[in-house]
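A.B. asks: Take this structure first; my questions come after.
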Number of protein chains: 2
Amino acid sequence: MNRFVTTLAITLLATPVLAADPLPSWNDGATKQSIVRFVSEVTREGSPDFVPVPERIATFDNDGTLWAEQPIYTQLFFLIDRVKAMAPQHPEWKTQEPFASVLKGDLHGVTAGGEAGVVALLTATHSGMTTDQFSRTVSDWIATAKHPKTGQPFTAMVYQPMLELLAYMRANGFKTYVVSGGGIDFMRPWTEQVYGIPPEQVVGTSGGLKYEMVGGRPALIKLPSLVLNDDKEGKPVGIQRHIGRRPIAAFGNSDGDLQMLQWTCSSAGLRLCVFVHHTDSKREWAYDRNSHIGALDKGFDEAKLRDWTVVDMEKDWNRVFPFQ
Amino acid sequence: MNRFVTTLAITLLATPVLAADPLPSWNDGATKQSIVRFVSEVTREGSPDFVPVPERIATFDNDGTLWAEQPIYTQLFFLIDRVKAMAPQHPEWKTQEPFASVLKGDLHGVTAGGEAGVVALLTATHSGMTTDQFSRTVSDWIATAKHPKTGQPFTAMVYQPMLELLAYMRANGFKTYVVSGGGIDFMRPWTEQVYGIPPEQVVGTSGGLKYEMVGGRPALIKLPSLVLNDDKEGKPVGIQRHIGRRPIAAFGNSDGDLQMLQWTCSSAGLRLCVFVHHTDSKREWAYDRNSHIGALDKGFDEAKLRDWTVVDMEKDWNRVFPFQ
């Protein structure tokens with residue numbers, strides 16, 4: 001290869017182009033500025049806050065941070081649909097709680113069973129099959145299920161500004177991870193297509209697995225045991241187990257994300273910690289301290305104390321969902 | 001940017017160059033051919049066995065596959081040195097087994113304590129500190145400790161042909177992972193520098209972690225509990241947990257790797273499963289079916305049965321260690 005042309009080629013390809021705004025769904029203001037300033041400072045050669053590419057780890061909560069979590073977590077809709085789909089093979093569920101309440105559509109009856117009821121539902125629907133079978137079940141469901149309020153597929157209930165943010169950070173050398181209290185096996189089948197985040201960059205609540213031969217071929221069977229509860233104190237644990245590096249940027253929306261943000265922003269150097277605050281009752285939902293799901297209370301106080309970035313969805317985002 | 005020049009640049013940069021042999025330490029022959037043929041077929045556009053880049057996952061055992069494991073695992077040398085370093089703070093160890101035997105250099109006395117003894121040693125040396133503290137301890141040790149036979153740093157006891165193979169596979173779009181029975185926290189501090197494998201691509205035996213405040217700052221404390229025994233049936237489990245995809249190539253050297261190879265090579269499509277067979281008593285060590293460490297017995301039979309690739313270190317490698 002001609003050396004001059006090679007050099008020219010490399011120079012041209014490496015020359016930054018004055019691109020259009022990579023975050024068009026974010027309104028100008030302090031919130032957007034805090035994000036752009038952080039990314040500029042850690043990526044600019046010669047900056048006192050420069051961070052080498054391999055250490056540019058950014059972690060994102062999923063429910064309420066990347067996609068909607070109201071009126072209930074998407075995985076609960078999946079669980080309910082699974083109980084209904086499996087009911088013909090389980091005639092005893094018609095009278096057996098918490099299954100009977102699920103089949104009658106009585107969510108209060110379900111919650112009356114407390115944690116034991118939830119465990120029974122999770123065990124019935126999320127274990128006892130191979131990882132491949134479960135993955136196919138999730139893929140089939142997510143391709144067809146619709147959100148009860150908007151009628152949109154659940155994968156359309158993602159926040160357009162956060163999709164832009166994921167792409168923007170990756171374009172700046174960040175490795176983006178999902179770190180969610182949701183089930184790891186429930187998320188992995190679709191995160192690559194929806195968020196551009198491959199399965200190996202998804203950290204989530206995880207159950208036990210057993211390697212065994214099924215019909216003469218190796219399989220991994222999903223067990224009901226819990227290996228990681230990837231919520232609250234479990235998030236830094238999950239991050240350490242899966243990534244083995246401390247993030248330099250973390251994004252959440254609830255007290256379940258507080259420890260992940262503490263872990264991220266307490267190390268030395270310029271760090272970015274962001275809470276998405278649900279303030280938009282018209283385009284999405286408005287909730288915080290007293291919400292039955294995704295409560296932001298202690299985290300809200302700590303964000304103020306530590307000067308973390310708080311996204312006001314109503315004011316900071318000119319668009320919420322891609323379909324709007 | 002001028003469009004013609006951009007197109008020219010991209011074309012030129014994408015043009016493959018007739019490079020020198022990427023595997024110079026591998027002798028020509030069936031073994032090398034089986035590896036090169038596999039990589040060619042899965043990476044060639046239009047090939048019936050083509051695999052897209054994101055699915056090019058290759059997993060490598062560590063002890064005995066990427067570096068030497070004789071006369072004992074490197075991590076055991078580390079453990080022994082830790083007991084000696086910590087002994088002044090533990091005067092009771094002078095008479096308390098298995099510590100007393102370790103301090104006297106009596107390895108038979110150590111093994112006499114069986115599993116309980118090993119657990120006691122691991123608990124004392126591998127838990128009760130923060131992940132950051134442990135990481136620094138490992139980094140300090142690996143920078144100075146020497147192999148008792150060769151006098152080389154342990155990080156020089158790596159196999160030159162395998163370093164070439166790692167680089168060759170990465171150059172062909174593979175994501176390379178360590179999947180080892182060794183401790184994940186023992187490997188992560190040095191795998192990036194030695195193998196070019198970042199911490200997030202290291203899977204290993206893992207203990208519990210606890211998130212707590214230490215001196216007002218968040219820390220992760222290493223617990224003595226076991227979360228993953230990443231050996232035998234545990235390897236496919238660790239792969240699923242950390243990667244969430246099935247590898248298309250796997251490399252091991254002992255029965256501890258057999259299930260990883262089964263899991264890899266039983267899925268549909270062209271797959272590569274390789275055992276490194278230790279046949280070179282002059283340049284390294286020769287051992288297989290009856291070895292006290294890294295025994296290759298059932299795996300050897302299954303490799304023959306399934307026509308997996310078996311590397312004969314003496315015949316297939318013209319160089320073993322980089323320093324030779």
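By convention here, the chains of the structure tokens are called A, B, ... in the order presented, each chain's residues are numbered starting at 1, and ligands are numbered starting at 1 in the order presented.
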Could you give me, as number ranges by chain, each residue of region 135-302 of chain A that DSSP assigns to strand (DSSP E or B) when run on this structure's backbone?

C.D. replies: A: 146, 153, 158, 175-183, 202-214, 217-228, 249-252, 272-279, 286-287

A.B. asks: Set the distance at 7 Å and use only C-alpha atoms: which residues neighbour region 222-238 of chain B once local chain neighbours fewer than 4 positions away are removed? I'd like the list as a VMD selection string.

C.D. replies: (chain A and resid 209 to 211) or (chain B and resid 123 127 to 131 179 to 181 203 to 210 242 256 to 260 263)

A.B. asks: Output C-alpha atoms for every residue in that selection, as an mmCIF file, in the first residue's frame.

C.D. replies:
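And here's selection.cif as it stands now:
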```cif
data_model
loop_
_atom_site.group_PDB
_atom_site.id
_atom_site.type_symbol
_atom_site.label_atom_id
_atom_site.label_comp_id
_atom_site.auth_asym_id
_atom_site.auth_seq_id
_atom_site.Cartn_x
_atom_site.Cartn_y
_atom_site.Cartn_z
ATOM 1 C CA LEU A 209 -27.889 -22.691 36.449
ATOM 2 C CA LYS A 210 -27.231 -26.393 36.146
ATOM 3 C CA TYR A 211 -25.250 -27.970 33.339
ATOM 4 C CA THR B 123 -10.471 -17.664 53.647
ATOM 5 C CA SER B 127 -11.232 -12.661 51.949
ATOM 6 C CA GLY B 128 -11.716 -10.020 54.615
ATOM 7 C CA MET B 129 -10.202 -7.194 52.583
ATOM 8 C CA THR B 130 -11.633 -4.803 49.980
ATOM 9 C CA THR B 131 -11.460 -5.723 46.295
ATOM 10 C CA VAL B 179 -12.574 -18.930 31.585
ATOM 11 C CA SER B 180 -10.586 -20.416 34.427
ATOM 12 C CA GLY B 181 -10.948 -22.375 37.642
ATOM 13 C CA VAL B 203 -14.469 -15.444 34.089
ATOM 14 C CA GLY B 204 -13.191 -17.330 37.110
ATOM 15 C CA THR B 205 -13.978 -18.841 40.454
ATOM 16 C CA SER B 206 -15.744 -16.108 42.395
ATOM 17 C CA GLY B 207 -16.486 -15.433 46.035
ATOM 18 C CA GLY B 208 -19.208 -13.360 47.645
ATOM 19 C CA LEU B 209 -18.911 -9.590 47.922
ATOM 20 C CA LYS B 210 -20.446 -7.188 50.400
ATOM 21 C CA HIS B 242 -20.853 -13.570 32.245
ATOM 22 C CA GLY B 256 -11.691 -29.394 34.050
ATOM 23 C CA ASP B 257 -12.274 -27.903 30.597
ATOM 24 C CA LEU B 258 -14.242 -30.804 29.132
ATOM 25 C CA GLN B 259 -17.716 -29.374 29.763
ATOM 26 C CA MET B 260 -16.691 -26.013 28.293
ATOM 27 C CA TRP B 263 -20.918 -26.789 25.453
#
```

A.B. asks: So which one's closest to Arg271 (chain A), A:Gln160, A:Thr309, A:Ser254, A:Asn318? Using only C-alpha atoms, please.

C.D. replies: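 When distances to Arg271 (chain A) are compared using only C-alpha atoms, the smallest one comes from A:Thr309.
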
A.B. asks: Looking at only C-alpha atoms, which of B:Val53, B:Val102, B:Asp316, B:Ala124 is the one that sits closest to chain A?

C.D. replies: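 Smallest distance to chain A is found for B:Val53.
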
A.B. asks: Give me the residues near Gly196 (chain B) as a list in words, where near means some atom within 9 Å (using only C-alpha atoms) and where sequence neighbours in that chain fewer than 4 positions away do not count.

C.D. replies: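 Listing them by chain and then by number gives Leu163, Leu166, Ala167, Thr176, Thr191 and Glu192 of chain B.
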
A.B. asks: Can you write just those residues out, C-alpha atoms, as a PDB file, in the first residue's frame?

C.D. replies:
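Result went into part17.pdb, see below:
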```pdb
ATOM      1  CA  LEU B 163      -0.238 -15.335  22.816  1.00  0.00           C
ATOM      2  CA  LEU B 166      -5.068 -14.756  21.036  1.00  0.00           C
ATOM      3  CA  ALA B 167      -3.831 -11.876  18.876  1.00  0.00           C
ATOM      4  CA  THR B 176     -11.307 -13.490  23.624  1.00  0.00           C
ATOM      5  CA  THR B 191      -4.657 -10.332  32.218  1.00  0.00           C
ATOM      6  CA  GLU B 192      -4.941  -7.139  30.188  1.00  0.00           C
TER       7      GLU B 192
END
```

A.B. asks: Which residues, written as a PyMOL selection string, have at least one atom at most 12 Å from Ala85 (chain A), with only C-alpha atoms counted and residues fewer than 3 positions away on the same chain left out?

C.D. replies: chain A and resi 78-82+88-91+93+99+102-103+124-125+137+141

A.B. asks: Limited to all heavy atoms, could you put the picked residues into a file as a compact mmCIF listing (two decimals), in the first residue's frame?

C.D. replies:
```
# COMPACT_ATOMS: atom_id res chain seq x y z
N PHE A 78 -44.83 -9.80 31.54
CA PHE A 78 -44.36 -11.06 30.95
C PHE A 78 -44.73 -12.23 31.86
O PHE A 78 -45.27 -13.24 31.39
CB PHE A 78 -42.83 -10.99 30.76
CG PHE A 78 -42.18 -12.31 30.45
CD1 PHE A 78 -42.28 -12.88 29.18
CD2 PHE A 78 -41.44 -12.99 31.41
CE1 PHE A 78 -41.68 -14.09 28.89
CE2 PHE A 78 -40.84 -14.21 31.14
CZ PHE A 78 -40.96 -14.76 29.88
N LEU A 79 -44.48 -12.07 33.14
CA LEU A 79 -44.77 -13.13 34.11
C LEU A 79 -46.27 -13.48 34.09
O LEU A 79 -46.64 -14.66 34.04
CB LEU A 79 -44.33 -12.66 35.50
CG LEU A 79 -44.43 -13.63 36.67
CD1 LEU A 79 -43.39 -13.26 37.73
CD2 LEU A 79 -45.81 -13.66 37.30
N ILE A 80 -47.11 -12.47 34.08
CA ILE A 80 -48.56 -12.70 34.06
C ILE A 80 -48.96 -13.44 32.79
O ILE A 80 -49.73 -14.41 32.83
CB ILE A 80 -49.30 -11.34 34.17
CG1 ILE A 80 -49.10 -10.75 35.57
CG2 ILE A 80 -50.78 -11.48 33.83
CD1 ILE A 80 -49.50 -9.29 35.71
N ASP A 81 -48.41 -13.01 31.66
CA ASP A 81 -48.74 -13.69 30.40
C ASP A 81 -48.24 -15.13 30.38
O ASP A 81 -48.86 -16.01 29.79
CB ASP A 81 -48.14 -12.92 29.22
CG ASP A 81 -48.94 -11.66 28.91
OD1 ASP A 81 -50.01 -11.47 29.53
OD2 ASP A 81 -48.50 -10.87 28.05
N ARG A 82 -47.10 -15.36 31.05
CA ARG A 82 -46.58 -16.73 31.12
C ARG A 82 -47.52 -17.61 31.95
O ARG A 82 -47.79 -18.75 31.59
CB ARG A 82 -45.17 -16.78 31.74
CG ARG A 82 -44.04 -16.27 30.87
CD ARG A 82 -44.02 -16.87 29.49
NE ARG A 82 -43.89 -18.31 29.49
CZ ARG A 82 -44.39 -19.12 28.54
NH1 ARG A 82 -45.08 -18.63 27.53
NH2 ARG A 82 -44.21 -20.42 28.60
N PRO A 88 -53.21 -23.96 31.10
CA PRO A 88 -53.85 -25.22 30.65
C PRO A 88 -53.11 -26.47 31.12
O PRO A 88 -53.73 -27.51 31.34
CB PRO A 88 -53.80 -25.10 29.12
CG PRO A 88 -53.77 -23.62 28.85
CD PRO A 88 -52.98 -23.03 29.98
N GLN A 89 -51.76 -26.36 31.29
CA GLN A 89 -51.01 -27.51 31.81
C GLN A 89 -51.05 -27.58 33.34
O GLN A 89 -50.50 -28.50 33.93
CB GLN A 89 -49.53 -27.43 31.37
CG GLN A 89 -49.28 -27.90 29.93
CD GLN A 89 -49.67 -26.83 28.93
OE1 GLN A 89 -49.20 -25.70 29.02
NE2 GLN A 89 -50.54 -27.17 27.98
N HIS A 90 -51.66 -26.59 33.97
CA HIS A 90 -51.71 -26.54 35.44
C HIS A 90 -53.13 -26.24 35.92
O HIS A 90 -53.40 -25.16 36.44
CB HIS A 90 -50.75 -25.46 35.97
CG HIS A 90 -49.31 -25.75 35.70
ND1 HIS A 90 -48.52 -26.50 36.54
CD2 HIS A 90 -48.52 -25.40 34.66
CE1 HIS A 90 -47.29 -26.59 36.04
NE2 HIS A 90 -47.27 -25.93 34.90
N PRO A 91 -54.06 -27.21 35.75
CA PRO A 91 -55.46 -26.97 36.17
C PRO A 91 -55.56 -26.59 37.66
O PRO A 91 -56.49 -25.88 38.05
CB PRO A 91 -56.16 -28.31 35.88
CG PRO A 91 -55.07 -29.31 35.65
CD PRO A 91 -53.88 -28.54 35.18
N TRP A 93 -53.92 -24.48 39.21
CA TRP A 93 -53.71 -23.04 39.41
C TRP A 93 -55.04 -22.27 39.54
O TRP A 93 -55.07 -21.16 40.06
CB TRP A 93 -52.88 -22.43 38.27
CG TRP A 93 -51.42 -22.79 38.35
CD1 TRP A 93 -50.80 -23.52 39.31
CD2 TRP A 93 -50.39 -22.40 37.42
NE1 TRP A 93 -49.46 -23.63 39.04
CE2 TRP A 93 -49.18 -22.96 37.88
CE3 TRP A 93 -50.37 -21.66 36.23
CZ2 TRP A 93 -47.97 -22.78 37.21
CZ3 TRP A 93 -49.17 -21.48 35.56
CH2 TRP A 93 -47.98 -22.04 36.05
N PHE A 99 -51.45 -18.07 41.90
CA PHE A 99 -51.77 -18.25 40.48
C PHE A 99 -53.22 -17.87 40.17
O PHE A 99 -53.52 -17.26 39.14
CB PHE A 99 -51.49 -19.70 40.06
CG PHE A 99 -50.05 -20.09 40.31
CD1 PHE A 99 -49.68 -20.79 41.45
CD2 PHE A 99 -49.06 -19.73 39.41
CE1 PHE A 99 -48.36 -21.13 41.70
CE2 PHE A 99 -47.73 -20.06 39.64
CZ PHE A 99 -47.38 -20.77 40.79
N VAL A 102 -53.64 -14.21 39.68
CA VAL A 102 -53.05 -13.79 38.40
C VAL A 102 -54.03 -14.11 37.27
O VAL A 102 -54.29 -13.26 36.40
CB VAL A 102 -51.70 -14.50 38.14
CG1 VAL A 102 -51.20 -14.21 36.73
CG2 VAL A 102 -50.66 -14.05 39.17
N LEU A 103 -54.59 -15.32 37.29
CA LEU A 103 -55.49 -15.74 36.21
C LEU A 103 -56.77 -14.91 36.20
O LEU A 103 -57.37 -14.70 35.15
CB LEU A 103 -55.81 -17.23 36.34
CG LEU A 103 -54.60 -18.15 36.11
CD1 LEU A 103 -54.96 -19.61 36.40
CD2 LEU A 103 -54.07 -18.01 34.68
N ALA A 124 -42.21 -20.72 38.97
CA ALA A 124 -43.03 -21.41 37.96
C ALA A 124 -42.74 -20.92 36.54
O ALA A 124 -42.79 -21.69 35.58
CB ALA A 124 -44.51 -21.21 38.27
N THR A 125 -42.43 -19.63 36.40
CA THR A 125 -42.32 -19.06 35.05
C THR A 125 -40.89 -18.82 34.59
O THR A 125 -40.65 -18.69 33.40
CB THR A 125 -43.05 -17.69 35.00
OG1 THR A 125 -42.50 -16.84 36.04
CG2 THR A 125 -44.54 -17.86 35.24
N THR A 137 -38.70 -17.97 24.48
CA THR A 137 -39.99 -17.53 25.03
C THR A 137 -40.02 -16.01 25.18
O THR A 137 -41.00 -15.35 24.83
CB THR A 137 -40.23 -18.19 26.41
OG1 THR A 137 -40.19 -19.61 26.25
CG2 THR A 137 -41.57 -17.79 26.99
N TRP A 141 -42.37 -13.32 23.09
CA TRP A 141 -43.27 -12.45 23.83
C TRP A 141 -43.01 -10.99 23.51
O TRP A 141 -43.93 -10.22 23.19
CB TRP A 141 -43.12 -12.71 25.34
CG TRP A 141 -44.04 -11.89 26.18
CD1 TRP A 141 -45.35 -12.18 26.47
CD2 TRP A 141 -43.75 -10.64 26.82
NE1 TRP A 141 -45.89 -11.18 27.26
CE2 TRP A 141 -44.93 -10.22 27.49
CE3 TRP A 141 -42.61 -9.85 26.90
CZ2 TRP A 141 -45.00 -9.04 28.21
CZ3 TRP A 141 -42.68 -8.66 27.63
CH2 TRP A 141 -43.86 -8.27 28.27
```

A.B. asks: Please return, as a ChimeraX atom specification, all residues of region 163-275 of chain A that DSSP assigns to alpha helix (DSSP H) on the basis of the backbone.

C.D. replies: /A:163-171,184-195,234-242,258-265

A.B. asks: I need the chosen residues saved as a short mmCIF file (atom, residue, chain, number, x, y, z; two decimals), in the first residue's frame, with N, CA, C and O atoms.

C.D. replies:
```
data_model
loop_
_atom_site.label_atom_id
_atom_site.label_comp_id
_atom_site.auth_asym_id
_atom_site.auth_seq_id
_atom_site.Cartn_x
_atom_site.Cartn_y
_atom_site.Cartn_z
N LEU A 163 -31.58 6.77 24.32
CA LEU A 163 -31.00 6.07 23.17
C LEU A 163 -29.90 6.94 22.55
O LEU A 163 -28.83 6.45 22.18
N GLU A 164 -30.19 8.24 22.45
CA GLU A 164 -29.19 9.17 21.90
C GLU A 164 -27.96 9.23 22.81
O GLU A 164 -26.82 9.26 22.32
N LEU A 165 -28.21 9.22 24.11
CA LEU A 165 -27.11 9.28 25.07
C LEU A 165 -26.22 8.04 24.98
O LEU A 165 -24.98 8.14 25.00
N LEU A 166 -26.85 6.86 24.87
CA LEU A 166 -26.08 5.62 24.73
C LEU A 166 -25.17 5.70 23.50
O LEU A 166 -23.98 5.39 23.56
N ALA A 167 -25.73 6.12 22.39
CA ALA A 167 -24.97 6.20 21.14
C ALA A 167 -23.85 7.24 21.24
O ALA A 167 -22.73 7.02 20.78
N TYR A 168 -24.18 8.36 21.88
CA TYR A 168 -23.21 9.45 22.05
C TYR A 168 -22.02 8.98 22.90
O TYR A 168 -20.86 9.24 22.57
N MET A 169 -22.31 8.27 23.97
CA MET A 169 -21.22 7.82 24.84
C MET A 169 -20.38 6.76 24.14
O MET A 169 -19.16 6.77 24.23
N ARG A 170 -21.04 5.85 23.42
CA ARG A 170 -20.27 4.84 22.67
C ARG A 170 -19.39 5.49 21.61
O ARG A 170 -18.25 5.09 21.40
N ALA A 171 -19.93 6.53 20.93
CA ALA A 171 -19.14 7.23 19.91
C ALA A 171 -17.92 7.91 20.54
O ALA A 171 -16.95 8.20 19.86
N ILE A 184 -31.57 -11.00 34.28
CA ILE A 184 -30.56 -10.95 33.22
C ILE A 184 -31.03 -11.72 31.99
O ILE A 184 -30.84 -11.27 30.86
N ASP A 185 -31.69 -12.86 32.21
CA ASP A 185 -32.13 -13.68 31.07
C ASP A 185 -33.36 -13.09 30.39
O ASP A 185 -33.66 -13.43 29.25
N PHE A 186 -34.06 -12.22 31.09
CA PHE A 186 -35.21 -11.55 30.48
C PHE A 186 -34.75 -10.40 29.58
O PHE A 186 -35.42 -10.05 28.60
N MET A 187 -33.60 -9.80 29.88
CA MET A 187 -33.14 -8.63 29.11
C MET A 187 -32.26 -8.99 27.92
O MET A 187 -32.34 -8.38 26.86
N ARG A 188 -31.39 -9.98 28.12
CA ARG A 188 -30.39 -10.26 27.10
C ARG A 188 -30.93 -10.56 25.70
O ARG A 188 -30.26 -10.22 24.72
N PRO A 189 -32.11 -11.18 25.56
CA PRO A 189 -32.55 -11.49 24.20
C PRO A 189 -32.83 -10.26 23.33
O PRO A 189 -32.90 -10.38 22.12
N TRP A 190 -33.01 -9.07 23.91
CA TRP A 190 -33.42 -7.94 23.07
C TRP A 190 -32.58 -6.67 23.27
O TRP A 190 -32.76 -5.69 22.56
N THR A 191 -31.67 -6.62 24.26
CA THR A 191 -30.93 -5.37 24.53
C THR A 191 -30.03 -4.96 23.38
O THR A 191 -29.80 -3.78 23.16
N GLU A 192 -29.50 -5.94 22.64
CA GLU A 192 -28.60 -5.58 21.54
C GLU A 192 -29.37 -4.84 20.46
O GLU A 192 -28.95 -3.79 19.98
N GLN A 193 -30.55 -5.37 20.11
CA GLN A 193 -31.36 -4.74 19.07
C GLN A 193 -31.92 -3.39 19.51
O GLN A 193 -31.96 -2.44 18.74
N VAL A 194 -32.35 -3.31 20.76
CA VAL A 194 -33.04 -2.11 21.22
C VAL A 194 -32.07 -1.02 21.70
O VAL A 194 -32.24 0.16 21.40
N TYR A 195 -31.04 -1.41 22.43
CA TYR A 195 -30.11 -0.43 23.01
C TYR A 195 -28.72 -0.45 22.38
O TYR A 195 -27.87 0.37 22.72
N GLY A 234 -26.73 -4.67 45.79
CA GLY A 234 -26.37 -5.71 44.82
C GLY A 234 -25.82 -5.14 43.52
O GLY A 234 -25.14 -5.86 42.78
N LYS A 235 -26.09 -3.87 43.23
CA LYS A 235 -25.61 -3.32 41.94
C LYS A 235 -24.08 -3.16 41.90
O LYS A 235 -23.46 -3.61 40.94
N PRO A 236 -23.46 -2.55 42.93
CA PRO A 236 -21.98 -2.54 42.89
C PRO A 236 -21.40 -3.95 42.88
O PRO A 236 -20.38 -4.20 42.24
N VAL A 237 -22.06 -4.89 43.57
CA VAL A 237 -21.59 -6.28 43.57
C VAL A 237 -21.66 -6.86 42.15
O VAL A 237 -20.71 -7.46 41.66
N GLY A 238 -22.80 -6.65 41.50
CA GLY A 238 -22.96 -7.15 40.12
C GLY A 238 -21.95 -6.51 39.18
O GLY A 238 -21.39 -7.17 38.30
N ILE A 239 -21.71 -5.22 39.35
CA ILE A 239 -20.74 -4.51 38.52
C ILE A 239 -19.35 -5.11 38.70
O ILE A 239 -18.64 -5.38 37.73
N GLN A 240 -18.96 -5.34 39.95
CA GLN A 240 -17.63 -5.90 40.21
C GLN A 240 -17.52 -7.30 39.63
O GLN A 240 -16.54 -7.65 38.98
N ARG A 241 -18.56 -8.12 39.82
CA ARG A 241 -18.52 -9.49 39.34
C ARG A 241 -18.40 -9.55 37.82
O ARG A 241 -17.62 -10.31 37.28
N HIS A 242 -19.21 -8.74 37.14
CA HIS A 242 -19.29 -8.85 35.69
C HIS A 242 -18.23 -8.02 34.97
O HIS A 242 -17.72 -8.41 33.93
N LEU A 258 -29.14 3.90 43.96
CA LEU A 258 -28.33 4.81 44.76
C LEU A 258 -26.91 4.27 45.00
O LEU A 258 -25.92 4.99 44.83
N GLN A 259 -26.81 3.01 45.39
CA GLN A 259 -25.49 2.45 45.68
C GLN A 259 -24.61 2.39 44.43
O GLN A 259 -23.40 2.56 44.51
N MET A 260 -25.21 2.16 43.27
CA MET A 260 -24.43 2.16 42.03
C MET A 260 -23.85 3.55 41.78
O MET A 260 -22.68 3.69 41.37
N LEU A 261 -24.63 4.58 42.05
CA LEU A 261 -24.15 5.95 41.84
C LEU A 261 -23.09 6.32 42.89
O LEU A 261 -22.07 6.93 42.58
N GLN A 262 -23.33 5.90 44.14
CA GLN A 262 -22.31 6.13 45.19
C GLN A 262 -20.98 5.49 44.79
O GLN A 262 -19.92 6.11 44.87
N TRP A 263 -21.06 4.24 44.38
CA TRP A 263 -19.86 3.46 44.00
C TRP A 263 -19.13 4.14 42.85
O TRP A 263 -17.90 4.24 42.84
N THR A 264 -19.88 4.67 41.91
CA THR A 264 -19.29 5.30 40.73
C THR A 264 -18.66 6.64 41.08
O THR A 264 -17.52 6.92 40.67
N CYS A 265 -19.38 7.46 41.82
CA CYS A 265 -18.93 8.84 42.00
C CYS A 265 -18.06 9.07 43.23
O CYS A 265 -17.66 10.20 43.50
#
```

A.B. asks: My list of candidates is A:Phe275, A:Trp308, A:Tyr177, A:Trp317. Which is closest to chain B when distances are computed with only C-alpha atoms?

C.D. replies: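 Result for the nearest residue to chain B: A:Tyr177.
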
A.B. asks: Using only C-alpha atoms, which residue out of B:Ile243, B:Leu272, B:Ala249, B:Ala116 lies closest to chain A?

C.D. replies: B:Ile243

A.B. asks: For chain B, which of A:Leu23, A:Ile142, A:Ile197, A:Val119 is the closest residue, counting only C-alpha atoms?

C.D. replies: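 Smallest distance to chain B is found for A:Ile197.
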
A.B. asks: One number please: CA of Gly46 (chain A) to CA of Phe174 (chain A), in Å, one decimal.

C.D. replies: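 Separating CA of Gly46 (chain A) from CA of Phe174 (chain A) is a distance of 18.0 Å.
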
A.B. asks: Write out as a PDB file with all heavy atoms, in the first residue's frame each polymer residue whose atoms come within 8 Å of Thr43 (chain B), counting only C-alpha atoms; drop sequence neighbours fewer than 6 positions from it.

C.D. replies:
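After the write, result.pdb holds the following:
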```pdb
ATOM      1  N   PHE B  50     -20.001 -18.772   7.823  1.00  0.00           N
ATOM      2  CA  PHE B  50     -19.726 -17.403   8.280  1.00  0.00           C
ATOM      3  C   PHE B  50     -20.439 -17.099   9.597  1.00  0.00           C
ATOM      4  O   PHE B  50     -21.603 -17.431   9.785  1.00  0.00           O
ATOM      5  CB  PHE B  50     -20.174 -16.399   7.213  1.00  0.00           C
ATOM      6  CG  PHE B  50     -19.963 -14.963   7.619  1.00  0.00           C
ATOM      7  CD1 PHE B  50     -18.698 -14.385   7.537  1.00  0.00           C
ATOM      8  CD2 PHE B  50     -21.020 -14.195   8.102  1.00  0.00           C
ATOM      9  CE1 PHE B  50     -18.488 -13.066   7.918  1.00  0.00           C
ATOM     10  CE2 PHE B  50     -20.827 -12.871   8.485  1.00  0.00           C
ATOM     11  CZ  PHE B  50     -19.556 -12.309   8.385  1.00  0.00           C
ATOM     12  N   VAL B  51     -19.714 -16.452  10.504  1.00  0.00           N
ATOM     13  CA  VAL B  51     -20.283 -16.040  11.800  1.00  0.00           C
ATOM     14  C   VAL B  51     -20.091 -14.534  11.947  1.00  0.00           C
ATOM     15  O   VAL B  51     -18.965 -14.041  11.817  1.00  0.00           O
ATOM     16  CB  VAL B  51     -19.586 -16.777  12.971  1.00  0.00           C
ATOM     17  CG1 VAL B  51     -20.102 -16.266  14.314  1.00  0.00           C
ATOM     18  CG2 VAL B  51     -19.773 -18.283  12.854  1.00  0.00           C
ATOM     19  N   PRO B  52     -21.163 -13.777  12.216  1.00  0.00           N
ATOM     20  CA  PRO B  52     -21.019 -12.323  12.391  1.00  0.00           C
ATOM     21  C   PRO B  52     -20.089 -12.000  13.566  1.00  0.00           C
ATOM     22  O   PRO B  52     -20.026 -12.771  14.534  1.00  0.00           O
ATOM     23  CB  PRO B  52     -22.446 -11.850  12.691  1.00  0.00           C
ATOM     24  CG  PRO B  52     -23.348 -12.977  12.311  1.00  0.00           C
ATOM     25  CD  PRO B  52     -22.545 -14.234  12.405  1.00  0.00           C
ATOM     26  N   ASN B 172      -9.094 -11.236  13.877  1.00  0.00           N
ATOM     27  CA  ASN B 172     -10.170 -11.750  13.038  1.00  0.00           C
ATOM     28  C   ASN B 172     -11.550 -11.540  13.661  1.00  0.00           C
ATOM     29  O   ASN B 172     -12.502 -12.259  13.351  1.00  0.00           O
ATOM     30  CB  ASN B 172      -9.925 -13.231  12.730  1.00  0.00           C
ATOM     31  CG  ASN B 172      -8.904 -13.406  11.614  1.00  0.00           C
ATOM     32  OD1 ASN B 172      -9.231 -13.265  10.437  1.00  0.00           O
ATOM     33  ND2 ASN B 172      -7.652 -13.651  11.988  1.00  0.00           N
TER      34      ASN B 172
END
```

A.B. asks: Looking at only C-alpha atoms, which of B:Met213, B:Leu270, B:Ala120, B:Met313 is the one that sits closest to chain A?

C.D. replies: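 Residue with the minimum atom-to-atom distance to chain A: B:Met213.
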